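Shown next: my_file-v6.pdb, containing PDB, C-alpha atoms.
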ATOM      1  CA  MET A   1     212.202 136.864  87.177
ATOM      2  CA  HIS A   2     214.314 133.825  86.428
ATOM      3  CA  SER A   3     213.037 131.884  89.439
ATOM      4  CA  SER A   4     209.384 132.562  88.646
ATOM      5  CA  ARG A   5     210.016 131.347  85.110
ATOM      6  CA  THR A   6     211.523 128.167  86.490
ATOM      7  CA  LEU A   7     208.495 127.762  88.744
ATOM      8  CA  LEU A   8     206.178 128.278  85.789
ATOM      9  CA  ALA A   9     208.121 125.751  83.689
ATOM     10  CA  GLY A  10     207.972 123.330  86.607
ATOM     11  CA  ALA A  11     204.246 123.871  87.009
ATOM     12  CA  LEU A  12     203.676 123.312  83.267
ATOM     13  CA  ALA A  13     205.725 120.131  83.394
ATOM     14  CA  LEU A  14     203.588 118.920  86.314
ATOM     15  CA  CYS A  15     200.406 119.779  84.415
ATOM     16  CA  SER A  16     201.505 117.814  81.384
ATOM     17  CA  LEU A  17     202.425 114.861  83.628
ATOM     18  CA  ALA A  18     198.964 115.052  85.212
ATOM     19  CA  ALA A  19     197.402 115.136  81.745
ATOM     20  CA  LEU A  20     199.415 112.065  80.779
ATOM     21  CA  ALA A  21     198.249 110.268  83.909
ATOM     22  CA  ASP A  22     194.626 110.500  82.708
ATOM     23  CA  THR A  23     193.829 107.515  80.524
ATOM     24  CA  THR A  24     190.819 107.722  78.218
ATOM     25  CA  LEU A  25     189.152 104.388  77.511
ATOM     26  CA  THR A  26     187.063 104.000  74.372
ATOM     27  CA  VAL A  27     184.078 101.900  75.409
ATOM     28  CA  TYR A  28     181.665 100.443  72.854
ATOM     29  CA  THR A  29     178.221  99.998  74.369
ATOM     30  CA  ALA A  30     174.586  99.209  73.639
ATOM     31  CA  LEU A  31     173.464 100.527  77.037
ATOM     32  CA  GLU A  32     170.518 102.880  76.993
ATOM     33  CA  ALA A  33     171.652 106.519  76.820
ATOM     34  CA  ASP A  34     169.905 107.349  80.107
ATOM     35  CA  GLN A  35     172.013 104.744  81.979
ATOM     36  CA  LEU A  36     175.427 105.818  80.711
ATOM     37  CA  LYS A  37     175.653 109.048  82.684
ATOM     38  CA  ALA A  38     175.166 107.451  86.107
ATOM     39  CA  TYR A  39     177.618 104.629  85.338
ATOM     40  CA  GLN A  40     180.251 107.064  84.074
ATOM     41  CA  GLN A  41     179.889 109.406  87.074
ATOM     42  CA  LYS A  42     180.271 106.590  89.591
ATOM     43  CA  PHE A  43     183.200 104.951  87.778
ATOM     44  CA  GLU A  44     185.135 108.208  87.292
ATOM     45  CA  GLN A  45     184.522 109.090  90.939
ATOM     46  CA  GLU A  46     186.078 105.760  91.999
ATOM     47  CA  TYR A  47     188.853 105.832  89.352
ATOM     48  CA  PRO A  48     189.534 109.571  88.898
ATOM     49  CA  ASP A  49     192.544 109.038  86.597
ATOM     50  CA  ILE A  50     190.485 107.154  83.971
ATOM     51  CA  LYS A  51     187.980 108.849  81.657
ATOM     52  CA  LEU A  52     185.374 107.017  79.581
ATOM     53  CA  ARG A  53     184.505 107.808  75.981
ATOM     54  CA  TRP A  54     181.351 105.974  74.918
ATOM     55  CA  VAL A  55     180.510 104.838  71.393
ATOM     56  CA  ARG A  56     176.827 103.895  71.615
ATOM     57  CA  ASP A  57     174.514 102.042  69.235
ATOM     58  CA  SER A  58     172.115  99.096  69.147
ATOM     59  CA  THR A  59     173.582  95.666  69.848
ATOM     60  CA  GLY A  60     173.639  94.371  66.261
ATOM     61  CA  ILE A  61     175.225  97.569  64.948
ATOM     62  CA  ILE A  62     177.917  97.643  67.675
ATOM     63  CA  THR A  63     178.640  93.932  67.058
ATOM     64  CA  ALA A  64     178.995  94.516  63.289
ATOM     65  CA  LYS A  65     181.279  97.523  63.949
ATOM     66  CA  LEU A  66     183.544  95.480  66.242
ATOM     67  CA  LEU A  67     183.758  92.633  63.716
ATOM     68  CA  ALA A  68     184.540  95.095  60.904
ATOM     69  CA  GLU A  69     187.378  96.564  63.011
ATOM     70  CA  LYS A  70     188.818  93.159  63.921
ATOM     71  CA  ALA A  71     192.164  93.802  62.175
ATOM     72  CA  ASN A  72     192.470  97.262  63.743
ATOM     73  CA  PRO A  73     190.429  97.427  66.974
ATOM     74  CA  GLN A  74     189.277 100.919  67.954
ATOM     75  CA  ALA A  75     187.651  99.994  71.289
ATOM     76  CA  ASP A  76     189.423  99.184  74.558
ATOM     77  CA  VAL A  77     186.413  97.705  76.312
ATOM     78  CA  VAL A  78     182.932  96.510  75.380
ATOM     79  CA  MET A  79     180.433  97.172  78.170
ATOM     80  CA  GLY A  80     176.704  96.559  78.255
ATOM     81  CA  VAL A  81     176.609  94.441  75.094
ATOM     82  CA  ALA A  82     174.735  91.123  74.787
ATOM     83  CA  ALA A  83     176.709  88.066  75.891
ATOM     84  CA  SER A  84     175.489  86.296  72.728
ATOM     85  CA  SER A  85     177.396  88.987  70.753
ATOM     86  CA  LEU A  86     180.471  88.762  72.978
ATOM     87  CA  LEU A  87     180.498  84.979  72.383
ATOM     88  CA  VAL A  88     180.789  85.737  68.640
ATOM     89  CA  LEU A  89     183.786  88.026  69.367
ATOM     90  CA  GLU A  90     185.266  85.379  71.664
ATOM     91  CA  LYS A  91     185.048  82.786  68.892
ATOM     92  CA  GLU A  92     186.912  85.257  66.614
ATOM     93  CA  GLY A  93     189.703  85.507  69.220
ATOM     94  CA  MET A  94     189.016  89.227  69.787
ATOM     95  CA  LEU A  95     188.626  89.268  73.571
ATOM     96  CA  GLN A  96     191.303  89.461  76.273
ATOM     97  CA  PRO A  97     190.233  87.073  79.075
ATOM     98  CA  TYR A  98     190.360  88.570  82.570
ATOM     99  CA  ALA A  99     188.915  87.612  85.948
ATOM    100  CA  PRO A 100     187.786  90.820  87.698
ATOM    101  CA  LYS A 101     188.500  91.135  91.432
ATOM    102  CA  ASN A 102     184.921  90.421  92.473
ATOM    103  CA  VAL A 103     184.034  87.738  89.952
ATOM    104  CA  ALA A 104     183.618  84.971  92.579
ATOM    105  CA  LYS A 105     180.700  86.933  94.117
ATOM    106  CA  LEU A 106     178.706  86.914  90.858
ATOM    107  CA  SER A 107     176.150  84.302  89.828
ATOM    108  CA  LYS A 108     177.974  81.696  87.690
ATOM    109  CA  ALA A 109     175.015  81.607  85.297
ATOM    110  CA  TYR A 110     175.891  85.138  84.163
ATOM    111  CA  VAL A 111     179.680  84.789  83.740
ATOM    112  CA  ASP A 112     181.564  83.168  80.842
ATOM    113  CA  ASP A 113     182.548  79.642  81.905
ATOM    114  CA  SER A 114     186.102  79.855  80.480
ATOM    115  CA  ASN A 115     188.897  80.345  83.004
ATOM    116  CA  PRO A 116     189.739  83.211  83.133
ATOM    117  CA  PRO A 117     186.393  84.429  81.706
ATOM    118  CA  ALA A 118     186.351  86.276  78.374
ATOM    119  CA  TRP A 119     183.286  88.272  79.488
ATOM    120  CA  VAL A 120     181.503  88.974  82.752
ATOM    121  CA  GLY A 121     177.772  89.649  83.099
ATOM    122  CA  MET A 122     176.244  92.810  84.531
ATOM    123  CA  ASP A 123     172.497  92.193  84.369
ATOM    124  CA  VAL A 124     169.815  90.295  82.489
ATOM    125  CA  TRP A 125     167.229  91.933  80.273
ATOM    126  CA  GLY A 126     164.272  90.071  78.892
ATOM    127  CA  ALA A 127     161.201  90.229  76.704
ATOM    128  CA  ALA A 128     158.029  92.111  77.541
ATOM    129  CA  ILE A 129     155.082  93.449  75.552
ATOM    130  CA  CYS A 130     153.964  97.060  76.012
ATOM    131  CA  PHE A 131     150.214  97.292  75.509
ATOM    132  CA  ASN A 132     148.608 100.738  75.240
ATOM    133  CA  THR A 133     145.291 100.342  77.089
ATOM    134  CA  VAL A 134     143.829 103.656  75.881
ATOM    135  CA  GLU A 135     144.500 103.011  72.158
ATOM    136  CA  ALA A 136     143.409  99.379  72.517
ATOM    137  CA  ALA A 137     140.095 100.422  74.106
ATOM    138  CA  LYS A 138     139.405 102.798  71.174
ATOM    139  CA  LEU A 139     140.103  99.954  68.734
ATOM    140  CA  GLY A 140     138.281  97.305  70.794
ATOM    141  CA  LEU A 141     141.447  95.188  71.134
ATOM    142  CA  LYS A 142     141.836  92.655  73.928
ATOM    143  CA  LYS A 143     145.121  92.438  75.819
ATOM    144  CA  PRO A 144     147.353  89.588  74.586
ATOM    145  CA  GLU A 145     148.545  87.125  77.253
ATOM    146  CA  SER A 146     150.819  84.934  75.131
ATOM    147  CA  TRP A 147     153.091  85.032  72.065
ATOM    148  CA  LYS A 148     150.484  82.949  70.197
ATOM    149  CA  ASP A 149     147.828  85.603  70.950
ATOM    150  CA  LEU A 150     149.784  88.065  68.783
ATOM    151  CA  LEU A 151     148.768  86.042  65.704
ATOM    152  CA  LYS A 152     145.065  87.007  66.035
ATOM    153  CA  PRO A 153     143.752  88.757  62.901
ATOM    154  CA  GLU A 154     142.508  91.748  64.967
ATOM    155  CA  TYR A 155     146.156  92.761  65.569
ATOM    156  CA  LYS A 156     146.970  93.157  61.874
ATOM    157  CA  GLY A 157     149.206  96.212  61.415
ATOM    158  CA  LYS A 158     149.027  96.975  65.149
ATOM    159  CA  ILE A 159     152.355  95.474  66.341
ATOM    160  CA  VAL A 160     155.912  96.817  66.238
ATOM    161  CA  MET A 161     158.997  94.802  67.188
ATOM    162  CA  PRO A 162     162.785  95.203  66.961
ATOM    163  CA  ASN A 163     164.759  93.958  63.969
ATOM    164  CA  PRO A 164     167.024  91.161  65.313
ATOM    165  CA  ALA A 165     169.903  92.142  63.014
ATOM    166  CA  SER A 166     170.054  95.578  64.679
ATOM    167  CA  SER A 167     168.740  94.884  68.146
ATOM    168  CA  GLY A 168     169.795  92.432  70.855
ATOM    169  CA  THR A 169     166.206  92.465  72.095
ATOM    170  CA  GLY A 170     164.936  91.476  68.645
ATOM    171  CA  TYR A 171     167.521  88.707  68.425
ATOM    172  CA  PHE A 172     166.570  87.127  71.742
ATOM    173  CA  ASP A 173     162.889  87.228  70.735
ATOM    174  CA  VAL A 174     163.666  85.266  67.585
ATOM    175  CA  SER A 175     166.046  82.809  69.280
ATOM    176  CA  ALA A 176     163.494  82.273  72.093
ATOM    177  CA  TRP A 177     160.705  81.476  69.617
ATOM    178  CA  LEU A 178     162.986  78.989  67.849
ATOM    179  CA  THR A 179     163.825  77.474  71.264
ATOM    180  CA  LEU A 180     160.202  77.385  72.483
ATOM    181  CA  PHE A 181     158.496  76.226  69.289
ATOM    182  CA  GLY A 182     161.334  74.371  67.497
ATOM    183  CA  ASP A 183     162.908  75.378  64.190
ATOM    184  CA  LYS A 184     160.047  74.551  61.810
ATOM    185  CA  GLU A 185     157.237  75.830  64.072
ATOM    186  CA  GLY A 186     159.322  78.857  65.103
ATOM    187  CA  TRP A 187     159.675  80.120  61.518
ATOM    188  CA  SER A 188     156.030  79.299  60.838
ATOM    189  CA  TYR A 189     155.109  81.388  63.928
ATOM    190  CA  MET A 190     157.209  84.324  62.641
ATOM    191  CA  ASP A 191     155.640  84.051  59.167
ATOM    192  CA  LYS A 192     152.198  84.504  60.744
ATOM    193  CA  LEU A 193     153.371  87.227  63.127
ATOM    194  CA  HIS A 194     154.878  89.086  60.152
ATOM    195  CA  GLN A 195     151.339  89.497  58.752
ATOM    196  CA  ASN A 196     150.449  91.542  61.858
ATOM    197  CA  ILE A 197     153.666  93.583  62.108
ATOM    198  CA  ALA A 198     153.485  97.246  61.074
ATOM    199  CA  GLN A 199     157.251  97.814  61.327
ATOM    200  CA  TYR A 200     160.525  96.343  62.587
ATOM    201  CA  THR A 201     162.520  99.021  64.432
ATOM    202  CA  HIS A 202     166.311  99.258  64.817
ATOM    203  CA  SER A 203     166.174  99.621  68.590
ATOM    204  CA  GLY A 204     164.850  97.362  71.338
ATOM    205  CA  SER A 205     163.318 100.192  73.352
ATOM    206  CA  LYS A 206     161.612 101.976  70.445
ATOM    207  CA  PRO A 207     158.569  99.636  70.130
ATOM    208  CA  CYS A 208     157.688 100.307  73.768
ATOM    209  CA  LYS A 209     158.172 104.060  73.316
ATOM    210  CA  GLN A 210     155.891 103.910  70.254
ATOM    211  CA  ALA A 211     153.255 101.966  72.222
ATOM    212  CA  ALA A 212     153.541 104.419  75.140
ATOM    213  CA  ALA A 213     153.043 107.346  72.740
ATOM    214  CA  GLY A 214     149.994 105.667  71.185
ATOM    215  CA  GLU A 215     151.570 105.313  67.720
ATOM    216  CA  PHE A 216     150.860 101.560  67.810
ATOM    217  CA  PRO A 217     148.887  99.701  70.464
ATOM    218  CA  ILE A 218     151.416  96.851  70.846
ATOM    219  CA  GLY A 219     155.201  97.050  71.085
ATOM    220  CA  ILE A 220     157.446  94.020  71.659
ATOM    221  CA  SER A 221     160.288  95.343  73.805
ATOM    222  CA  PHE A 222     162.035  94.595  77.116
ATOM    223  CA  GLU A 223     161.064  94.843  80.743
ATOM    224  CA  TYR A 224     163.289  97.741  81.880
ATOM    225  CA  ARG A 225     161.995 100.168  79.234
ATOM    226  CA  ALA A 226     158.407  99.032  79.856
ATOM    227  CA  ALA A 227     158.643  99.523  83.641
ATOM    228  CA  LYS A 228     160.344 102.936  83.225
ATOM    229  CA  LEU A 229     157.667 104.214  80.812
ATOM    230  CA  LYS A 230     154.848 102.914  83.007
ATOM    231  CA  ASP A 231     156.487 104.625  86.009
ATOM    232  CA  GLY A 232     156.498 107.823  83.977
ATOM    233  CA  GLY A 233     152.721 107.610  83.588
ATOM    234  CA  ALA A 234     152.415 106.005  80.129
ATOM    235  CA  PRO A 235     149.023 104.256  79.693
ATOM    236  CA  ILE A 236     150.585 100.828  79.150
ATOM    237  CA  ASP A 237     150.140  97.400  80.649
ATOM    238  CA  VAL A 238     153.293  95.316  80.693
ATOM    239  CA  VAL A 239     152.607  91.788  79.434
ATOM    240  CA  PHE A 240     154.954  88.844  80.068
ATOM    241  CA  PRO A 241     153.852  86.183  77.542
ATOM    242  CA  LYS A 242     153.112  82.943  79.336
ATOM    243  CA  GLU A 243     155.101  80.579  77.064
ATOM    244  CA  GLY A 244     158.357  82.099  78.369
ATOM    245  CA  LEU A 245     160.588  85.105  77.773
ATOM    246  CA  GLY A 246     163.661  85.547  75.599
ATOM    247  CA  TRP A 247     166.602  87.147  77.403
ATOM    248  CA  ASP A 248     170.296  87.908  77.227
ATOM    249  CA  VAL A 249     172.999  89.109  79.582
ATOM    250  CA  GLU A 250     174.519  92.576  79.324
ATOM    251  CA  ALA A 251     178.210  92.001  79.832
ATOM    252  CA  THR A 252     181.666  93.572  79.889
ATOM    253  CA  ALA A 253     184.775  92.361  78.051
ATOM    254  CA  ILE A 254     188.260  93.687  77.289
ATOM    255  CA  LEU A 255     189.357  93.803  73.668
ATOM    256  CA  LYS A 256     192.550  92.034  72.758
ATOM    257  CA  GLY A 257     195.237  94.504  71.668
ATOM    258  CA  THR A 258     194.061  97.413  73.844
ATOM    259  CA  ARG A 259     196.922  99.808  74.551
ATOM    260  CA  ASN A 260     195.295 100.631  77.899
ATOM    261  CA  LEU A 261     195.172  97.197  79.499
ATOM    262  CA  ALA A 262     195.596  98.336  83.119
ATOM    263  CA  ALA A 263     192.800 100.914  82.803
ATOM    264  CA  ALA A 264     190.616  98.404  80.909
ATOM    265  CA  ARG A 265     191.072  95.934  83.802
ATOM    266  CA  SER A 266     190.035  98.675  86.231
ATOM    267  CA  LEU A 267     186.781  99.173  84.298
ATOM    268  CA  ALA A 268     186.219  95.375  84.255
ATOM    269  CA  ASP A 269     186.843  95.293  88.040
ATOM    270  CA  TRP A 270     184.368  98.120  88.546
ATOM    271  CA  SER A 271     181.804  96.484  86.254
ATOM    272  CA  ALA A 272     181.804  93.407  88.553
ATOM    273  CA  SER A 273     181.769  95.439  91.789
ATOM    274  CA  GLN A 274     178.950  95.826  94.278
ATOM    275  CA  SER A 275     178.731  99.573  93.597
ATOM    276  CA  ALA A 276     178.205  98.925  89.858
ATOM    277  CA  ASN A 277     175.647  96.174  90.534
ATOM    278  CA  GLU A 278     173.719  98.574  92.788
ATOM    279  CA  LEU A 279     173.467 100.938  89.799
ATOM    280  CA  TYR A 280     172.408  98.142  87.404
ATOM    281  CA  GLU A 281     169.708  97.242  89.913
ATOM    282  CA  LYS A 282     168.038 100.625  89.339
ATOM    283  CA  ASN A 283     167.416  99.517  85.744
ATOM    284  CA  PHE A 284     167.037  95.736  85.841
ATOM    285  CA  ALA A 285     165.133  93.072  87.779
ATOM    286  CA  ILE A 286     168.075  90.631  87.649
ATOM    287  CA  VAL A 287     171.712  91.614  88.227
ATOM    288  CA  ALA A 288     174.827  89.440  88.226
ATOM    289  CA  MET A 289     175.509  89.840  91.954
ATOM    290  CA  PRO A 290     172.970  87.875  94.034
ATOM    291  CA  GLY A 291     171.161  89.680  96.840
ATOM    292  CA  ILE A 292     171.293  93.143  95.240
ATOM    293  CA  ALA A 293     168.078  93.190  93.181
ATOM    294  CA  LYS A 294     164.950  94.680  94.738
ATOM    295  CA  PRO A 295     161.323  94.047  93.745
ATOM    296  CA  ASN A 296     159.835  96.233  91.004
ATOM    297  CA  PRO A 297     156.047  96.762  91.122
ATOM    298  CA  HIS A 298     155.755  96.322  87.333
ATOM    299  CA  ILE A 299     157.848  93.135  87.084
ATOM    300  CA  PRO A 300     156.695  89.777  88.531
ATOM    301  CA  ALA A 301     158.656  88.484  91.539
ATOM    302  CA  ASP A 302     159.280  85.160  89.746
ATOM    303  CA  TYR A 303     160.602  86.922  86.631
ATOM    304  CA  GLU A 304     163.835  84.891  86.528
ATOM    305  CA  LYS A 305     161.834  81.627  86.442
ATOM    306  CA  ARG A 306     159.886  82.880  83.394
ATOM    307  CA  LEU A 307     163.009  83.190  81.222
ATOM    308  CA  VAL A 308     163.236  80.489  78.545
ATOM    309  CA  LYS A 309     165.911  77.825  78.972
ATOM    310  CA  GLN A 310     168.057  79.127  76.171
ATOM    311  CA  ASP A 311     171.711  78.447  75.484
ATOM    312  CA  LEU A 312     173.631  81.655  74.735
ATOM    313  CA  ARG A 313     176.411  79.677  73.000
ATOM    314  CA  TRP A 314     173.790  78.218  70.645
ATOM    315  CA  SER A 315     172.439  81.756  70.041
ATOM    316  CA  ALA A 316     175.959  82.939  69.178
ATOM    317  CA  ALA A 317     176.864  79.933  67.014
ATOM    318  CA  ASN A 318     173.646  80.194  64.963
ATOM    319  CA  ARG A 319     173.467  83.994  64.797
ATOM    320  CA  ASP A 320     174.584  84.415  61.157
ATOM    321  CA  ARG A 321     172.277  81.677  59.889
ATOM    322  CA  ILE A 322     169.234  82.944  61.831
ATOM    323  CA  LEU A 323     169.755  86.599  60.855
ATOM    324  CA  ALA A 324     170.244  85.742  57.161
ATOM    325  CA  GLU A 325     167.006  83.743  57.147
ATOM    326  CA  TRP A 326     165.100  86.414  59.106
ATOM    327  CA  THR A 327     166.348  89.188  56.803
ATOM    328  CA  ARG A 328     165.405  87.224  53.686
ATOM    329  CA  ARG A 329     161.868  86.658  54.942
ATOM    330  CA  TYR A 330     160.917  89.845  56.766
ATOM    331  CA  ASP A 331     163.298  92.746  56.163
ATOM    332  CA  ALA A 332     160.885  94.478  53.763
ATOM    333  CA  LYS A 333     158.998  95.833  56.812
ATOM    334  CA  SER A 334     162.081  97.241  58.575
ATOM    335  CA  GLU A 335     162.136 100.965  59.249
ATOM    336  CA  PRO A 336     164.656 102.865  57.064
ATOM    337  CA  LYS A 337     168.124 103.004  58.647
TER     338      LYS A 337
END

Transcribe the structure of this file into structure tokens.
Amino acid sequence: MHSSRTLLAGALALCSLAALADTTLTVYTALEADQLKAYQQKFEQEYPDIKLRWVRDSTGIITAKLLAEKANPQADVVMGVAASSLLVLEKEGMLQPYAPKNVAKLSKAYVDDSNPPAWVGMDVWGAAICFNTVEAAKLGLKKPESWKDLLKPEYKGKIVMPNPASSGTGYFDVSAWLTLFGDKEGWSYMDKLHQNIAQYTHSGSKPCKQAAAGEFPIGISFEYRAAKLKDGGAPIDVVFPKEGLGWDVEATAILKGTRNLAAARSLADWSASQSANELYEKNFAIVAMPGIAKPNPHIPADYEKRLVKQDLRWSAANRDRILAEWTRRYDAKSEPK
């Protein structure tokens, strides 16, 4: 009896040691919900002693949450959040710089230029317009080819776009227009566009989902969601406005003060690995590791060349000013939170 008890006690002790060996990382993310599962499965398969707990929301909301928690960080790692947001956190001294094992194999354009980098890019996502051909035909609407086309009076009340204070997609639209048209002309463009907007959504993918469902004929969104919905049979054309496309980099960074630094570094290593980049490639036309991306029938082969020449540091440095001005002018048409 005694010996079996000892065995049982020993077994329990081993179990509790095994439980202790499992580290759970709290990861704040703006990744689309349908991507998280595949990333988590692959990571936990490669690092079986680390579990991931996601806290997911739109870019602007996750960024605000991180800034609010600055004095008492709740996240270990930020993954799949816009580099322009991570640059804001970097400026606040909230990130723990780290060079992942594979970082030298990534395109320098998509990695923080500090040494060691404060954040490391995963993939690029950029602007696209989802145009519902069936609804448009009923309404006699022509397909827009450019950002300027969206100002035509026939589109009044027919366009939805993301709110830049909530959505990273919305923010790169606004910063791209200010880059393309200049400050004065950029705001004048948005004033006119506002006349045609039915609603500003709190998510970057929602306008495309609404266009796909026929709720509105035109949704300003991003290329991955557009291509996915079109693949699923939605009656949409994907339009890449000819003036150039706003974009940002989804990136990974470790938060300063994490109590799980070794595990956080493992996730950063994985995030920069070939196996992770092969997963990103299923969702995006441009990934951080060259030579991985494959052509997508719905996305032009020269997509990368169509991205506007925008400076992510400028986008980060001017974020508060731009969002305050945007909110003052246009927030009345935002969907309720």

_Picked residues, the PyMOL selection byres ((chain A and resi 187) around 10), as a PyMOL selection string_ = chain A and resi 174+177-178+181-186+188-193+322+325-326+329

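For Ile220 in chain A, the list of residues within 7 Å, based on only C-alpha atoms and with local chain neighbours fewer than 4 positions off taken out, reads Ala128, Ile129, Cys130, Val160, Met161, Pro207 and Cys208 of chain A.
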
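With only C-alpha atoms as the atoms that count, the residue of A:Ala253, A:Leu141, A:Leu261, A:Ala176 with the shortest distance to Lys309 in chain A is A:Ala176.
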
_Residue members of the PyMOL selection byres ((chain A and resi 115-124) around 7) in the file shown, as a PyMOL selection string_ = chain A and resi 90+95-99+110-114+125-126+247-253+271-272+277+280+284+286-288

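CA of Gln40 in chain A is found 10.8 Å from CA of Leu279 in chain A.
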
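With all atoms listed in the file as the atoms that count, the minimum distance from Gln41 in chain A to the choices A:Ala227, A:Ala276, A:Ile61, A:Ala293 is reached by A:Ala276.
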
Contacts between range 142-152 of chain A and range 159-244 of chain A, please, where a residue of range 159-244 of chain A counts if it comes within 7 Å (with only C-alpha atoms); show its shortest atom pair and distance in Å to one decimal, rows by chain and ascending number, as CSV.
residue,atom,partner,partner_atom,distance
A:Lys192,CA,A:Leu151,CA,6.2
A:Leu193,CA,A:Leu151,CA,5.4
A:Asn196,CA,A:Leu151,CA,6.9
A:Val239,CA,A:Glu145,CA,6.6
A:Pro241,CA,A:Ser146,CA,4.1
A:Lys242,CA,A:Ser146,CA,5.2
A:Glu243,CA,A:Ser146,CA,6.4

Keeping only C-alpha atoms, write those residues as an mmCIF file, keeping the file's coordinate frame.
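File written: result07.cif
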data_model
loop_
_atom_site.group_PDB
_atom_site.id
_atom_site.type_symbol
_atom_site.label_atom_id
_atom_site.label_comp_id
_atom_site.auth_asym_id
_atom_site.auth_seq_id
_atom_site.Cartn_x
_atom_site.Cartn_y
_atom_site.Cartn_z
ATOM 1 C CA LYS A 192 152.198 84.504 60.744
ATOM 2 C CA LEU A 193 153.371 87.227 63.127
ATOM 3 C CA ASN A 196 150.449 91.542 61.858
ATOM 4 C CA VAL A 239 152.607 91.788 79.434
ATOM 5 C CA PRO A 241 153.852 86.183 77.542
ATOM 6 C CA LYS A 242 153.112 82.943 79.336
ATOM 7 C CA GLU A 243 155.101 80.579 77.064
#

*Please measure the separation of CA of Ala64 in chain A and CA of Lys91 in chain A, giving the value in Å to one decimal.*
14.3 Å

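Rounded to one decimal, CA of Leu106 in chain A and CA of Asn318 in chain A lie 27.2 Å from each other.
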
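Nearest residue to Arg313 in chain A, choosing from A:Leu89, A:Ile292, A:Leu36, A:Val134 and counting all atoms listed in the file: A:Leu89.
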
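For the set A:Lys70, A:Gly232, A:Glu32, A:His194, the residue with the smallest atom-to-atom gap to Asp331 in chain A is A:His194, counting only C-alpha atoms.
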
*Name the residues in contact with range 71-83 of chain A at a cut-off of 7 Å, using all atoms listed in the file, excluding same-chain residues fewer than 4 positions from it; report them as a PyMOL selection string.*
chain A and resi 25-31+59+87+168+248-255+258+260+264

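Among the candidates A:Pro162, A:Gly246, A:Pro235, A:Pro297, the one nearest to Lys206 in chain A when counting only C-alpha atoms is A:Pro162.
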
*Residue with smallest distance to Phe240 in chain A - pool A:Tyr330, A:Tyr200, A:Tyr303, A:Tyr39, counting only C-alpha atoms*: A:Tyr303
